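Raw structure_9.txt, compact mmCIF, C-alpha atoms:
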# COMPACT_ATOMS: atom_id res chain seq x y z
CA MET A 4 0.00 0.00 0.00
CA SER A 5 1.28 3.41 -0.81
CA ASN A 6 0.35 6.64 0.88
CA ARG A 7 -3.04 5.61 2.14
CA ASP A 8 -4.13 7.54 5.18
CA LEU A 9 -2.95 5.45 8.11
CA THR A 10 -5.10 7.42 10.53
CA ALA A 11 -8.23 6.16 8.79
CA PRO A 12 -10.69 4.59 11.25
CA ASN A 13 -11.30 0.85 11.30
CA GLY A 14 -13.14 -0.51 8.29
CA ILE A 15 -16.76 -1.57 8.29
CA ASP A 16 -18.56 -4.24 6.28
CA PRO A 17 -19.67 -2.42 3.09
CA ARG A 18 -22.89 -4.43 3.03
CA GLY A 19 -24.01 -2.76 6.29
CA PRO A 20 -24.74 0.67 4.75
CA ARG A 21 -26.35 -1.03 1.74
CA PHE A 22 -28.68 -2.98 4.01
CA GLY A 23 -29.64 0.31 5.68
CA ALA A 24 -30.12 1.95 2.29
CA ALA A 25 -32.52 -0.83 1.26
CA ILE A 26 -34.75 -0.15 4.28
CA THR A 27 -34.47 3.60 3.71
CA SER A 28 -35.41 3.33 0.03
CA VAL A 29 -38.59 1.37 0.83
CA LEU A 30 -39.56 3.94 3.48
CA LEU A 31 -38.84 6.79 1.05
CA LEU A 32 -40.97 5.21 -1.66
CA ILE A 33 -43.87 5.00 0.82
CA THR A 34 -43.18 8.65 1.70
CA VAL A 35 -43.45 9.67 -1.97
CA PHE A 36 -46.74 7.80 -2.25
CA LEU A 37 -48.15 9.54 0.85
CA GLY A 38 -46.77 12.93 -0.18
CA LEU A 39 -48.54 12.88 -3.56
CA ASP A 40 -52.01 13.19 -2.06
CA SER A 41 -53.27 16.07 0.07
CA ALA A 42 -55.28 13.57 2.14
CA THR A 43 -52.15 11.66 3.18
CA GLU A 44 -49.59 14.45 2.96
CA ALA A 45 -49.41 14.88 6.75
CA ALA A 46 -48.53 11.20 7.18
CA GLY A 47 -45.86 11.56 4.48
CA PHE A 48 -44.45 14.58 6.29
CA ALA A 49 -44.29 12.63 9.56
CA LEU A 50 -42.59 9.65 7.91
CA LEU A 51 -40.05 11.89 6.20
CA ALA A 52 -39.36 13.54 9.56
CA VAL A 53 -38.59 10.11 11.06
CA ILE A 54 -36.31 9.23 8.09
CA ASP A 55 -34.63 12.63 8.46
CA ALA A 56 -33.96 11.99 12.15
CA LEU A 57 -32.43 8.61 11.27
CA PHE A 58 -30.21 10.30 8.64
CA LEU A 59 -29.08 12.69 11.37
CA VAL A 60 -28.15 9.75 13.62
CA GLY A 61 -26.12 8.22 10.76
CA ALA A 62 -24.48 11.54 9.92
CA THR A 63 -23.40 12.30 13.48
CA LEU A 64 -22.84 8.89 15.10
CA GLY A 65 -21.94 6.84 12.02
CA ASN A 66 -23.50 3.76 10.48
CA SER A 67 -22.29 1.34 13.13
CA ARG A 68 -24.28 3.13 15.84
CA HIS A 69 -27.32 3.57 13.61
CA PRO A 70 -30.35 1.35 14.35
CA TYR A 71 -30.03 -0.25 10.88
CA GLY A 72 -26.34 -0.86 11.48
CA TRP A 73 -27.26 -2.61 14.73
CA LEU A 74 -29.93 -4.69 12.93
CA PHE A 75 -27.39 -5.64 10.26
CA LYS A 76 -24.87 -6.76 12.87
CA LYS A 77 -27.42 -8.76 14.87
CA LEU A 78 -29.56 -10.29 12.14
CA VAL A 79 -27.89 -10.14 8.73
CA ARG A 80 -24.14 -10.34 9.08
CA PRO A 81 -24.17 -13.69 10.98
CA ARG A 82 -25.84 -15.23 7.92
CA LEU A 83 -23.31 -13.89 5.40
CA ASP A 84 -19.77 -14.87 4.49
CA ALA A 85 -16.99 -12.61 5.66
CA PRO A 86 -16.70 -9.50 3.45
CA LYS A 87 -13.99 -9.47 0.77
CA GLU A 88 -12.72 -6.20 2.14
CA LEU A 89 -13.70 -3.61 4.64
CA GLU A 90 -14.73 -0.09 3.78
CA ASP A 91 -13.83 3.28 5.25
CA PRO A 92 -16.83 4.31 7.40
CA ARG A 93 -16.51 7.99 6.49
CA PRO A 94 -17.93 7.94 2.93
CA PRO A 95 -21.25 6.31 3.96
CA GLN A 96 -21.38 8.69 6.90
CA PHE A 97 -20.99 11.61 4.50
CA ALA A 98 -23.76 10.10 2.38
CA GLN A 99 -25.99 10.14 5.46
CA THR A 100 -25.27 13.87 5.77
CA VAL A 101 -26.33 14.40 2.16
CA GLY A 102 -29.49 12.37 2.85
CA PHE A 103 -30.20 14.49 5.91
CA LEU A 104 -29.89 17.71 3.89
CA VAL A 105 -32.14 16.47 1.08
CA ALA A 106 -34.83 15.15 3.43
CA SER A 107 -34.67 18.39 5.46
CA LEU A 108 -35.25 20.38 2.27
CA GLY A 109 -38.42 18.35 1.72
CA LEU A 110 -39.65 19.12 5.23
CA VAL A 111 -38.79 22.82 5.03
CA THR A 112 -40.30 23.45 1.58
CA SER A 113 -43.42 21.55 2.62
CA ALA A 114 -43.71 23.53 5.86
CA PHE A 115 -43.49 26.73 3.80
CA GLY A 116 -46.42 25.64 1.68
CA PHE A 117 -44.90 23.79 -1.31
CA GLU A 118 -47.52 21.13 -1.94
CA TYR A 119 -45.19 18.47 -3.32
CA GLY A 120 -42.12 19.29 -1.19
CA VAL A 121 -42.28 15.97 0.66
CA ALA A 122 -42.85 13.86 -2.48
CA LEU A 123 -40.21 15.64 -4.58
CA PHE A 124 -37.32 15.51 -2.11
CA ALA A 125 -38.27 12.04 -0.86
CA GLY A 126 -38.10 11.07 -4.54
CA PHE A 127 -34.55 12.45 -4.90
CA ALA A 128 -33.47 10.69 -1.71
CA PHE A 129 -35.13 7.49 -2.92
CA VAL A 130 -33.07 7.45 -6.12
CA ALA A 131 -29.84 7.84 -4.12
CA ALA A 132 -30.80 5.19 -1.54
CA PHE A 133 -32.00 2.77 -4.23
CA LEU A 134 -28.78 3.15 -6.26
CA ASN A 135 -26.80 2.46 -3.12
CA ALA A 136 -28.84 -0.60 -2.12
CA ALA A 137 -29.21 -2.18 -5.56
CA PHE A 138 -25.99 -1.12 -7.33
CA ALA A 139 -23.57 -0.21 -4.51
CA TYR A 140 -23.44 3.25 -6.07
CA CYS A 141 -22.68 5.85 -3.44
CA LEU A 142 -23.99 9.17 -4.75
CA GLY A 143 -22.75 11.09 -1.72
CA CYS A 144 -19.25 9.71 -2.27
CA GLN A 145 -19.32 10.54 -5.97
CA ILE A 146 -20.22 14.17 -5.46
CA TRP A 147 -17.84 14.60 -2.52
CA LEU A 148 -14.80 15.25 -4.71
CA GLY A 149 -16.74 17.64 -6.95
CA LEU A 150 -18.00 19.63 -3.95
CA ARG A 151 -14.51 19.67 -2.51
CA ARG A 152 -13.03 20.93 -5.76
CA LEU A 153 -15.59 23.70 -5.84
CA GLY A 154 -14.48 24.65 -2.34
CA LEU A 155 -17.88 23.92 -0.83
CA ILE A 156 -16.55 21.47 1.74
CA ARG A 157 -13.26 21.12 3.55
CA GLY A 158 -11.29 17.90 3.90
CA MET B 20 -54.66 12.44 -7.45
CA SER B 21 -55.97 9.02 -8.49
CA LEU B 22 -54.38 5.83 -7.22
CA GLU B 23 -53.38 4.90 -10.78
CA THR B 24 -51.49 8.17 -11.22
CA LYS B 25 -49.70 7.75 -7.93
CA LEU B 26 -48.67 4.18 -8.69
CA ALA B 27 -47.51 5.24 -12.15
CA ILE B 28 -45.30 7.92 -10.56
CA LEU B 29 -43.80 5.38 -8.15
CA LEU B 30 -43.19 2.93 -10.98
CA GLY B 31 -41.56 5.66 -13.06
CA LEU B 32 -39.34 6.61 -10.14
CA VAL B 33 -38.16 3.03 -9.59
CA ALA B 34 -37.63 2.52 -13.33
CA ALA B 35 -35.62 5.75 -13.66
CA ALA B 36 -33.40 4.79 -10.73
CA ALA B 37 -32.90 1.27 -12.10
CA ILE B 38 -31.97 2.60 -15.56
CA ALA B 39 -29.53 5.09 -14.01
CA GLY B 40 -27.97 2.22 -12.05
CA VAL B 41 -27.57 -0.01 -15.10
CA VAL B 42 -26.06 2.84 -17.16
CA TRP B 43 -23.60 3.56 -14.35
CA ARG B 44 -22.68 -0.14 -14.03
CA VAL B 45 -21.97 -0.40 -17.75
CA ARG B 46 -19.96 2.81 -17.96
CA THR B 47 -17.93 2.63 -14.78
CA GLY B 48 -14.50 1.03 -14.80
CA ARG B 49 -14.10 1.24 -18.59
CA ALA B 50 -10.87 2.42 -20.14
CA LYS B 51 -11.02 5.49 -22.34
CA SER B 52 -7.96 5.98 -24.50
CA VAL B 53 -6.24 9.34 -24.26
CA LYS B 54 -5.19 10.67 -27.67
CA PRO B 55 -2.60 13.40 -28.31
CA LYS B 56 -4.16 16.80 -29.02
CA SER B 57 -4.37 17.46 -32.74
CA GLY B 58 -1.00 18.66 -33.97
CA ALA B 59 0.93 17.39 -30.93
CA ALA B 60 3.18 14.38 -31.44
CA ASP B 61 2.88 13.15 -27.87
CA GLY B 62 -0.12 12.92 -25.61
CA PRO B 63 -0.11 14.32 -22.07
CA SER B 64 2.32 12.70 -19.68
CA VAL B 65 2.77 12.52 -15.94
CA ASP B 66 5.50 14.44 -14.14
CA LEU B 67 6.76 12.25 -11.31
CA ARG B 68 8.45 15.13 -9.51
CA GLU B 69 5.24 17.09 -9.39
CA LEU B 70 3.30 13.98 -8.43
CA ALA B 71 5.68 13.31 -5.50
CA ALA B 72 4.04 9.93 -4.91
CA ILE B 73 5.23 7.89 -1.96
CA LYS B 74 5.37 4.12 -2.32
CA ASP B 75 6.55 1.85 0.48
CA GLY B 76 7.93 4.90 2.27
CA GLU B 77 9.99 6.12 -0.69
CA LEU B 78 9.51 8.72 -3.38
CA VAL B 79 8.56 7.21 -6.74
CA THR B 80 11.17 8.28 -9.30
CA ALA B 81 10.69 5.82 -12.18
CA PHE B 82 7.81 4.39 -14.17
CA GLY B 83 7.14 0.69 -14.60
CA SER B 84 9.08 -0.77 -17.54
CA ALA B 85 5.88 -1.69 -19.40
CA THR B 86 2.86 -0.20 -17.66
CA THR B 87 2.23 2.08 -14.71
CA PHE B 88 -1.18 2.28 -13.10
CA LEU B 89 -1.49 5.65 -11.42
CA GLN B 90 -4.50 5.42 -9.13
CA PHE B 91 -5.98 8.57 -7.62
CA SER B 92 -7.82 7.88 -4.40
CA SER B 93 -9.43 9.95 -1.68
CA GLU B 94 -10.60 9.56 1.87
CA TYR B 95 -14.22 9.49 0.81
CA CYS B 96 -13.96 6.57 -1.53
CA THR B 97 -15.86 3.34 -1.27
CA GLN B 98 -14.16 1.53 -4.12
CA CYS B 99 -10.55 2.69 -3.87
CA ARG B 100 -9.53 -0.25 -1.71
CA GLN B 101 -10.71 -2.93 -4.10
CA THR B 102 -9.01 -1.21 -7.05
CA ALA B 103 -5.79 -0.86 -5.02
CA ARG B 104 -5.91 -4.55 -4.10
CA LEU B 105 -6.45 -5.61 -7.72
CA LEU B 106 -3.61 -3.45 -9.06
CA SER B 107 -1.10 -4.30 -6.35
CA GLU B 108 -1.71 -8.02 -6.90
CA LEU B 109 -0.91 -7.57 -10.60
CA GLU B 110 2.16 -5.55 -9.75
CA GLN B 111 3.45 -8.30 -7.49
CA ALA B 112 2.95 -10.90 -10.21
CA ASP B 113 4.71 -8.92 -12.96
CA ASP B 114 7.93 -6.90 -12.59
CA SER B 115 7.14 -4.68 -15.56
CA ILE B 116 4.02 -3.29 -13.87
CA LEU B 117 4.05 -0.49 -11.32
CA HIS B 118 1.09 0.58 -9.23
CA ILE B 119 1.17 4.06 -7.70
CA GLU B 120 -1.61 5.31 -5.47
CA VAL B 121 -1.97 9.00 -4.68
CA ASP B 122 -4.48 10.38 -2.19
CA ILE B 123 -5.82 13.62 -3.66
CA THR B 124 -7.96 14.54 -0.66
CA ASN B 125 -5.61 17.40 0.15
CA ARG B 126 -4.00 17.75 -3.26
CA LEU B 127 -6.75 19.35 -5.27
CA GLU B 128 -4.23 20.84 -7.69
CA LEU B 129 -3.67 17.29 -8.96
CA ALA B 130 -7.42 16.72 -9.24
CA LYS B 131 -7.64 19.87 -11.32
CA LYS B 132 -4.65 19.08 -13.51
CA TYR B 133 -5.84 15.58 -14.37
CA ALA B 134 -9.54 16.57 -14.43
CA ILE B 135 -10.52 14.03 -11.79
CA LEU B 136 -14.17 14.11 -10.83
CA GLN B 137 -14.42 10.78 -9.06
CA THR B 138 -12.24 8.41 -7.14
CA PRO B 139 -10.83 5.99 -7.92
CA THR B 140 -9.62 7.29 -11.27
CA THR B 141 -6.75 5.28 -12.71
CA LEU B 142 -4.42 6.57 -15.40
CA VAL B 143 -2.67 3.93 -17.48
CA LEU B 144 0.83 5.12 -18.37
CA ASP B 145 3.37 3.73 -20.79
CA SER B 146 7.06 3.23 -19.99
CA ARG B 147 7.75 6.94 -20.55
CA GLY B 148 4.88 8.14 -18.40
CA ARG B 149 2.60 9.13 -21.26
CA ILE B 150 -1.08 8.71 -20.44
CA ARG B 151 -2.48 5.97 -22.65
CA SER B 152 -5.91 5.74 -21.12
CA ARG B 153 -7.95 6.58 -18.08
CA ILE B 154 -10.35 4.46 -16.08
CA GLY B 155 -13.02 6.23 -14.06
CA GLY B 156 -14.47 4.24 -11.17
CA ALA B 157 -13.53 0.82 -9.82
CA ALA B 158 -11.28 -0.81 -12.41
CA LYS B 159 -12.65 -4.05 -13.85
CA PRO B 160 -10.13 -6.92 -13.95
CA ASN B 161 -10.73 -7.69 -17.65
CA VAL B 162 -10.22 -4.03 -18.56
CA ILE B 163 -6.93 -3.98 -16.68
CA GLN B 164 -5.81 -7.17 -18.46
CA GLU B 165 -6.59 -5.59 -21.83
CA GLU B 166 -4.49 -2.56 -20.93
CA ILE B 167 -1.56 -4.80 -19.97
CA GLN B 168 -1.93 -6.69 -23.26
CA LYS B 169 -1.91 -3.46 -25.25
CA ALA B 170 1.36 -2.44 -23.61
CA SER B 171 2.98 -5.75 -24.60
CA PHE B 172 2.17 -5.06 -28.27
CA GLU B 173 3.80 -1.66 -28.14
CA ILE B 174 7.20 -2.78 -26.89
Starting from the file, lay out its structure as structure tokens.
Amino acid sequence: MSNRDLTAPNGIDPRGPRFGAAITSVLLLITVFLGLDSATEAAGFALLAVIDALFLVGATLGNSRHPYGWLFKKLVRPRLDAPKELEDPRPPQFAQTVGFLVASLGLVTSAFGFEYGVALFAGFAFVAAFLNAAFAYCLGCQIWLGLRRLGLIRG
Amino acid sequence: MSLETKLAILLGLVAAAAIAGVVWRVRTGRAKSVKPKSGAADGPSVDLRELAAIKDGELVTAFGSATTFLQFSSEYCTQCRQTARLLSELEQADDSILHIEVDITNRLELAKKYAILQTPTTLVLDSRGRIRSRIGGAAKPNVIQEEIQKASFEI
């Protein structure tokens, strides 16, 4: 190995965040469904608020201390083979931050009267969570370098 | 909004995400050849002094005799480790191959110079350090083998 950051925290099983993303994507799809109708919009808002709070837990405490991370460790991982390699926990944690921002935008725009705020931003978050769960594509990680190059985030 | 409309929107959302995922899967990890600019005899090449890459605790001062894989990584990278493992295994099996990994997290001038938008991005260099091709995303083993084959035809 060359000049890889030796201060990097211990690796995590990459399937953990994907398992969490699978649950999140199902919840987000339900949120979109609820958010599309004025009769169920309040329920969609409440569900998105719960998802948003869970994103905040992931963003601040990391995936391993997230309820889904705990579920993965207790229920899923014992049934799987050992992972081929471990993953740096910081990229998925950054992705949780991105998820938190997107879901918060849905709540805020909806609170300010945008009828489809919940459905629209839950839809964006769904695409990201689905790509992560089904294709191991980490949108948050992909845009990290671009944001950094634009000077929007520090290292 | 009718139930049919809502279900159609959900279906469209899932389909769009699935198509995006498939397109990404197909496109990622492919090698794109780098041609010299029109009029120039040589294509762009890598300056090792500017790169100042460290490998096994020492400054890299020479290219591999056949092929050098210059892998740009970052802290927020889910797939850098698997690409690094693949390339370092090949390097160990073949003396003419060199694998260099550079963390660009705090070296954004390199990201700018080589137009890197995602990590890992791997540049395939010939024996003189000229960039033959670039691979965006996790390198696929068969793509890497093709690049090694191409180098053997050139010598």
**Fill in**
One residue among B:Ala34, B:Val121, B:Val79, B:Ala170 is nearest to chain A when using only C-alpha atoms, and that residue is B:Val121
**Item:** Best match for closeness to chain B among A:Phe48, A:Phe103, A:Tyr119, A:Tyr140, counting all atoms listed in the file
**Value:** A:Tyr140
**Prompt:** atom CA of Leu142 of chain B and atom CA of Glu77 of chain B, how far apart in Å?
**Reply:**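 That distance, rounded to one decimal, is 20.6 Å.
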Per-residue nearest contacts of chain B to chain A (7 Å; only C-alpha atoms) as JSON lines:
{"residue": "B:Met20", "atom": "CA", "partner": "A:Asp40", "partner_atom": "CA", "distance": 6.1}
{"residue": "B:Lys25", "atom": "CA", "partner": "A:Phe36", "partner_atom": "CA", "distance": 6.4}
{"residue": "B:Ala36", "atom": "CA", "partner": "A:Val130", "partner_atom": "CA", "distance": 5.3}
{"residue": "B:Gly40", "atom": "CA", "partner": "A:Leu134", "partner_atom": "CA", "distance": 5.9}
{"residue": "B:Ile73", "atom": "CA", "partner": "A:Asn6", "partner_atom": "CA", "distance": 5.8}
{"residue": "B:Lys74", "atom": "CA", "partner": "A:Ser5", "partner_atom": "CA", "distance": 4.4}
{"residue": "B:Asp75", "atom": "CA", "partner": "A:Ser5", "partner_atom": "CA", "distance": 5.6}
{"residue": "B:Tyr95", "atom": "CA", "partner": "A:Pro94", "partner_atom": "CA", "distance": 4.5}
{"residue": "B:Cys96", "atom": "CA", "partner": "A:Pro94", "partner_atom": "CA", "distance": 6.1}
{"residue": "B:Thr97", "atom": "CA", "partner": "A:Glu90", "partner_atom": "CA", "distance": 6.2}
{"residue": "B:Ile119", "atom": "CA", "partner": "A:Ser5", "partner_atom": "CA", "distance": 6.9}
{"residue": "B:Glu120", "atom": "CA", "partner": "A:Ser5", "partner_atom": "CA", "distance": 5.8}
{"residue": "B:Val121", "atom": "CA", "partner": "A:Asn6", "partner_atom": "CA", "distance": 6.5}
{"residue": "B:Asp122", "atom": "CA", "partner": "A:Arg7", "partner_atom": "CA", "distance": 6.6}
{"residue": "B:Thr124", "atom": "CA", "partner": "A:Gly158", "partner_atom": "CA", "distance": 6.6}
{"residue": "B:Asn125", "atom": "CA", "partner": "A:Gly158", "partner_atom": "CA", "distance": 6.8}
{"residue": "B:Leu127", "atom": "CA", "partner": "A:Arg152", "partner_atom": "CA", "distance": 6.5}
{"residue": "B:Leu136", "atom": "CA", "partner": "A:Gly149", "partner_atom": "CA", "distance": 5.8}
{"residue": "B:Gln137", "atom": "CA", "partner": "A:Gln145", "partner_atom": "CA", "distance": 5.8}
**Message:** as a list in words, please: the residues near segment 150-167 of chain B (cut-off 7 Å, all atoms listed in the file, same-chain neighbours under 4 positions excluded).
**Reply:**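 In the requested form, the answer reads Thr47, Gly48, Arg49, Ala50, Lys51, Ser52, Val53, Gly62, Pro63, Ser64, Thr86, Gln98, Cys99, Thr102, Gln137, Thr138, Pro139, Thr140, Thr141, Leu142, Val143, Leu144, Asp145 and Ser171 of chain B.
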Can you tell me, as a CSV table (one decimal) with C-alpha atoms, keeping the file's coordinate frame, what residues are no more than 6 Å from Leu117 of chain B when counting all atoms listed in the file, ignoring any on the same chain fewer than 2 positions away?
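Dumped everything to out.csv:
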chain,number,residue,atom,x,y,z
B,83,GLY,CA,7.1,0.7,-14.6
B,87,THR,CA,2.2,2.1,-14.7
B,110,GLU,CA,2.2,-5.6,-9.8
**Polymer residues at most 6 Å from (-22.2, 1.2, 7.6) by only C-alpha atoms, as a list in words** =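 Those within range, by chain then number, are Gly19, Pro20, Asn66 and Ser67 of chain A.
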**Request:** For each of B:Ala71, B:Leu129, B:Leu106, B:His118, take the minimum atom-to-atom distance to Ser93 of chain B, counting all atoms listed in the file, then give the residue where this is smallest.
**Result:**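 Closest to Ser93 of chain B of all the choices is B:Leu129.
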**Prompt:** In Å to one decimal, how far is atom CA of Thr80 of chain B from atom CA of Leu67 of chain B?
**Reply:**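 Atom CA of Thr80 of chain B lies 6.3 Å from atom CA of Leu67 of chain B.
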**Point-to-point distance from atom CA of Phe75 of chain A to atom CA of Ala37 of chain B, Å rounded to tenths** =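 These two atoms are separated by 24.0 Å.
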**Request:** With a distance cut-off of 12 Å and only C-alpha atoms, select the neighbouring residues of Thr34 of chain A, excluding the residue or stretch itself and same-chain residues fewer than 6 positions from it, and output the selection as number ranges by chain.
**Result:** A: 27-28, 40, 43-55, 106, 109-110, 119-129; B: 25, 29
